Amino acid sequence: MELIKTISLKEVDSTNRYLSEYKGLEGELMTIVTADYQTLGKGQGNASWESEKKKNLLFSIKLRPKRIPIERGFSILQAHSLAIYDVLKELIKDVTIKWPNDIYYRSKKISGTLTETKISGREISSFILGTGVNINQRLFLSQAPNPVSLYQIIGKRTSRKALLNKIIKRLCSYLELLEDGQFERIDSLYFNALFHRDGIFTYEDSGGRFKAVIQEIKPSGHIILKRENGILSEYESKQVKFIIED
């Protein structure tokens, strides 16, 4: 059995959907599906992910993690976010991780990830990460509020394959740390890379807008915001919105 199995597709509706229904041989560590184009690529919520054919990096990874308990599932997403963050940071400055899993260049989104998790007993049996990284697209036409590509930042093309190989290499290193039980180290690296980590910024929840600082990211993945009046508020993903101000 291969340690890492890679499947390359020209076109698919969704790499996540393809991988979740895949019945063929899988990699012992991970199975990766890449696509030149997705007809039903998804962003957060009901949003679509805009990507021209053969321009960007579109891939899903199926992991079968070892010795990672259910309550530490968010650590896998942290590791994946850190891998993308590390690789992009080698090419451009001002890169951060916007909680929980977007990668930002300044106030613009360059990458996003959706996840699917399957549980067996008290451990995670499989974990699918579906990711888009804007690489060589020069113009975005959708209603997405703040996309940016690597090409728009550095003004030249980048190899999608080379970038993916670097991301996978970094992810494997972080997975080794997790399987060794070094969750706190991943927590620290992730927190230090956060968008809006330092300073007071504007957020919005069901009660309206407010200003706060990021106090903590819990092992569950919940964010703790400390408001100007000192009150601590805890949120799951999608319960609070970052108000992006250029």
# chains A, B, ... in the order shown; residues from 1 in each chain; ligands from 1
call {"tool": "select_by_dssp", "arguments": {"residues": "region 4-193 of chain A", "states": "alpha helix (DSSP H)", "output": "PyMOL selection string"}}
result
chain A and resi 15-21+74-89+150-154+160-179+183-192
call {"tool": "residues_around", "arguments": {"residues": "Ile153 (chain A)", "least_positions_apart": "4", "cutoff": "10 Å", "atoms": "only C-alpha atoms", "output": "list in words"}}
result
Leu91, Ile92, Lys93, Tyr105, Ile135, Arg138, Val148 and Ser149 of chain A
call {"tool": "residues_around", "arguments": {"residues": "Glu184 (chain A)", "least_positions_apart": "5", "cutoff": "10 Å", "atoms": "only C-alpha atoms", "output": "PyMOL selection string"}}
result
chain A and resi 75+177-178+189-190+219
call {"tool": "write_last_selection", "arguments": {"atoms": "N, CA, C and O atoms", "output": "PDB file, in the first residue's frame"}}
result
ATOM      1  N   SER A  75      -7.501  20.002  16.073  1.00  0.00           N
ATOM      2  CA  SER A  75      -6.048  20.062  15.915  1.00  0.00           C
ATOM      3  C   SER A  75      -5.622  19.670  14.505  1.00  0.00           C
ATOM      4  O   SER A  75      -4.605  20.156  14.000  1.00  0.00           O
ATOM      5  N   LEU A 177       3.616  15.477  14.870  1.00  0.00           N
ATOM      6  CA  LEU A 177       3.548  16.116  16.190  1.00  0.00           C
ATOM      7  C   LEU A 177       2.250  15.742  16.903  1.00  0.00           C
ATOM      8  O   LEU A 177       2.250  15.458  18.103  1.00  0.00           O
ATOM      9  N   LEU A 178       1.143  15.747  16.170  1.00  0.00           N
ATOM     10  CA  LEU A 178      -0.145  15.411  16.779  1.00  0.00           C
ATOM     11  C   LEU A 178      -0.172  13.969  17.249  1.00  0.00           C
ATOM     12  O   LEU A 178      -0.658  13.678  18.357  1.00  0.00           O
ATOM     13  N   LEU A 189       1.457  27.464  17.953  1.00  0.00           N
ATOM     14  CA  LEU A 189       1.822  27.909  16.601  1.00  0.00           C
ATOM     15  C   LEU A 189       0.618  28.508  15.881  1.00  0.00           C
ATOM     16  O   LEU A 189       0.725  29.542  15.211  1.00  0.00           O
ATOM     17  N   TYR A 190      -0.524  27.858  16.036  1.00  0.00           N
ATOM     18  CA  TYR A 190      -1.749  28.329  15.400  1.00  0.00           C
ATOM     19  C   TYR A 190      -2.159  29.694  15.963  1.00  0.00           C
ATOM     20  O   TYR A 190      -2.468  30.617  15.202  1.00  0.00           O
ATOM     21  N   PRO A 219      -9.388  23.985  22.672  1.00  0.00           N
ATOM     22  CA  PRO A 219      -9.110  22.744  21.946  1.00  0.00           C
ATOM     23  C   PRO A 219     -10.281  22.287  21.075  1.00  0.00           C
ATOM     24  O   PRO A 219     -10.074  21.635  20.050  1.00  0.00           O
TER      25      PRO A 219
END
call {"tool": "residues_around", "arguments": {"residues": "Gln152 (chain A)", "least_positions_apart": "5", "cutoff": "10 Å", "atoms": "only C-alpha atoms", "output": "list of chain:residue names"}}
result
A:Asn134, A:Ile135, A:Asn136, A:Gln137, A:Arg138, A:Leu139, A:Arg157
call {"tool": "write_last_selection", "arguments": {"atoms": "N, CA, C and O atoms", "output": "compact mmCIF listing (two decimals), in the first residue's frame"}}
result
# COMPACT_ATOMS: atom_id res chain seq x y z
N ASN A 134 -5.87 30.14 -4.04
CA ASN A 134 -5.83 30.99 -5.25
C ASN A 134 -4.38 31.21 -5.65
O ASN A 134 -3.63 31.88 -4.95
N ILE A 135 -4.00 30.64 -6.80
CA ILE A 135 -2.60 30.67 -7.21
C ILE A 135 -2.36 31.60 -8.40
O ILE A 135 -1.71 32.64 -8.28
N ASN A 136 -2.89 31.23 -9.56
CA ASN A 136 -2.54 31.94 -10.80
C ASN A 136 -3.69 32.71 -11.44
O ASN A 136 -3.56 33.21 -12.55
N GLN A 137 -4.82 32.81 -10.75
CA GLN A 137 -5.95 33.55 -11.30
C GLN A 137 -5.66 35.06 -11.24
O GLN A 137 -5.26 35.59 -10.21
N ARG A 138 -5.93 35.74 -12.36
CA ARG A 138 -5.60 37.17 -12.43
C ARG A 138 -6.79 38.07 -12.09
O ARG A 138 -6.59 39.22 -11.71
N LEU A 139 -8.02 37.56 -12.26
CA LEU A 139 -9.20 38.38 -12.06
C LEU A 139 -10.31 37.52 -11.46
O LEU A 139 -10.54 36.40 -11.90
N ARG A 157 3.57 33.58 -12.25
CA ARG A 157 2.93 32.28 -12.07
C ARG A 157 3.71 31.41 -11.09
O ARG A 157 4.93 31.54 -10.96
call {"tool": "residues_around", "arguments": {"residues": "Ser126 (chain A)", "least_positions_apart": "5", "cutoff": "8 Å", "atoms": "only C-alpha atoms", "output": "number ranges by chain"}}
result
A: 62-65, 117-119
call {"tool": "write_last_selection", "arguments": {"atoms": "N, CA, C and O atoms", "output": "compact mmCIF listing (two decimals), in the first residue's frame"}}
result
# COMPACT_ATOMS: atom_id res chain seq x y z
N LYS A 62 -7.90 12.98 2.38
CA LYS A 62 -8.55 12.10 3.34
C LYS A 62 -7.48 11.51 4.24
O LYS A 62 -6.57 10.84 3.79
N LEU A 63 -7.60 11.79 5.52
CA LEU A 63 -6.65 11.30 6.51
C LEU A 63 -7.31 10.21 7.36
O LEU A 63 -8.51 10.26 7.62
N ARG A 64 -6.50 9.27 7.77
CA ARG A 64 -6.93 8.30 8.77
C ARG A 64 -5.99 8.45 9.97
O ARG A 64 -5.04 7.68 10.12
N PRO A 65 -6.24 9.45 10.78
CA PRO A 65 -5.31 9.77 11.87
C PRO A 65 -5.25 8.67 12.93
O PRO A 65 -6.22 7.96 13.16
N THR A 117 -15.88 14.95 8.95
CA THR A 117 -15.28 14.05 9.93
C THR A 117 -16.14 12.83 10.16
O THR A 117 -17.36 12.92 10.23
N LYS A 118 -15.48 11.66 10.29
CA LYS A 118 -16.17 10.43 10.66
C LYS A 118 -15.57 9.90 11.95
O LYS A 118 -14.34 9.91 12.12
N ILE A 119 -16.43 9.44 12.85
CA ILE A 119 -16.02 9.03 14.19
C ILE A 119 -16.19 7.52 14.35
O ILE A 119 -17.17 6.94 13.88
call {"tool": "closest_atom_pairs", "arguments": {"of": "region 141-242 of chain A", "to": "region 24-41 of chain A", "cutoff": "10 Å", "atoms": "only C-alpha atoms", "output": "tab-separated table"}}
result
residue	atom	partner	partner_atom	distance
A:Arg160	CA	A:Asp36	CA	9.9
A:Lys161	CA	A:Thr34	CA	9.6
A:Leu164	CA	A:Thr34	CA	9.4
A:Ile168	CA	A:Ile32	CA	9.5
A:Cys172	CA	A:Leu29	CA	8.8
A:Leu175	CA	A:Leu29	CA	9.9
call {"tool": "select_by_dssp", "arguments": {"residues": "region 80-169 of chain A", "states": "strand (DSSP E or B)", "output": "count of residues only"}}
result
33
call {"tool": "closest_residue", "arguments": {"among": "A:Ser206, A:Ser51, A:Ser188, A:Gln182", "to": "Val133 (chain A)", "atoms": "only C-alpha atoms"}}
result
A:Ser51
call {"tool": "closest_residue", "arguments": {"among": "A:Asp94, A:Glu228, A:Asp198, A:Asp86", "to": "Lys211 (chain A)", "atoms": "only C-alpha atoms"}}
result
A:Glu228
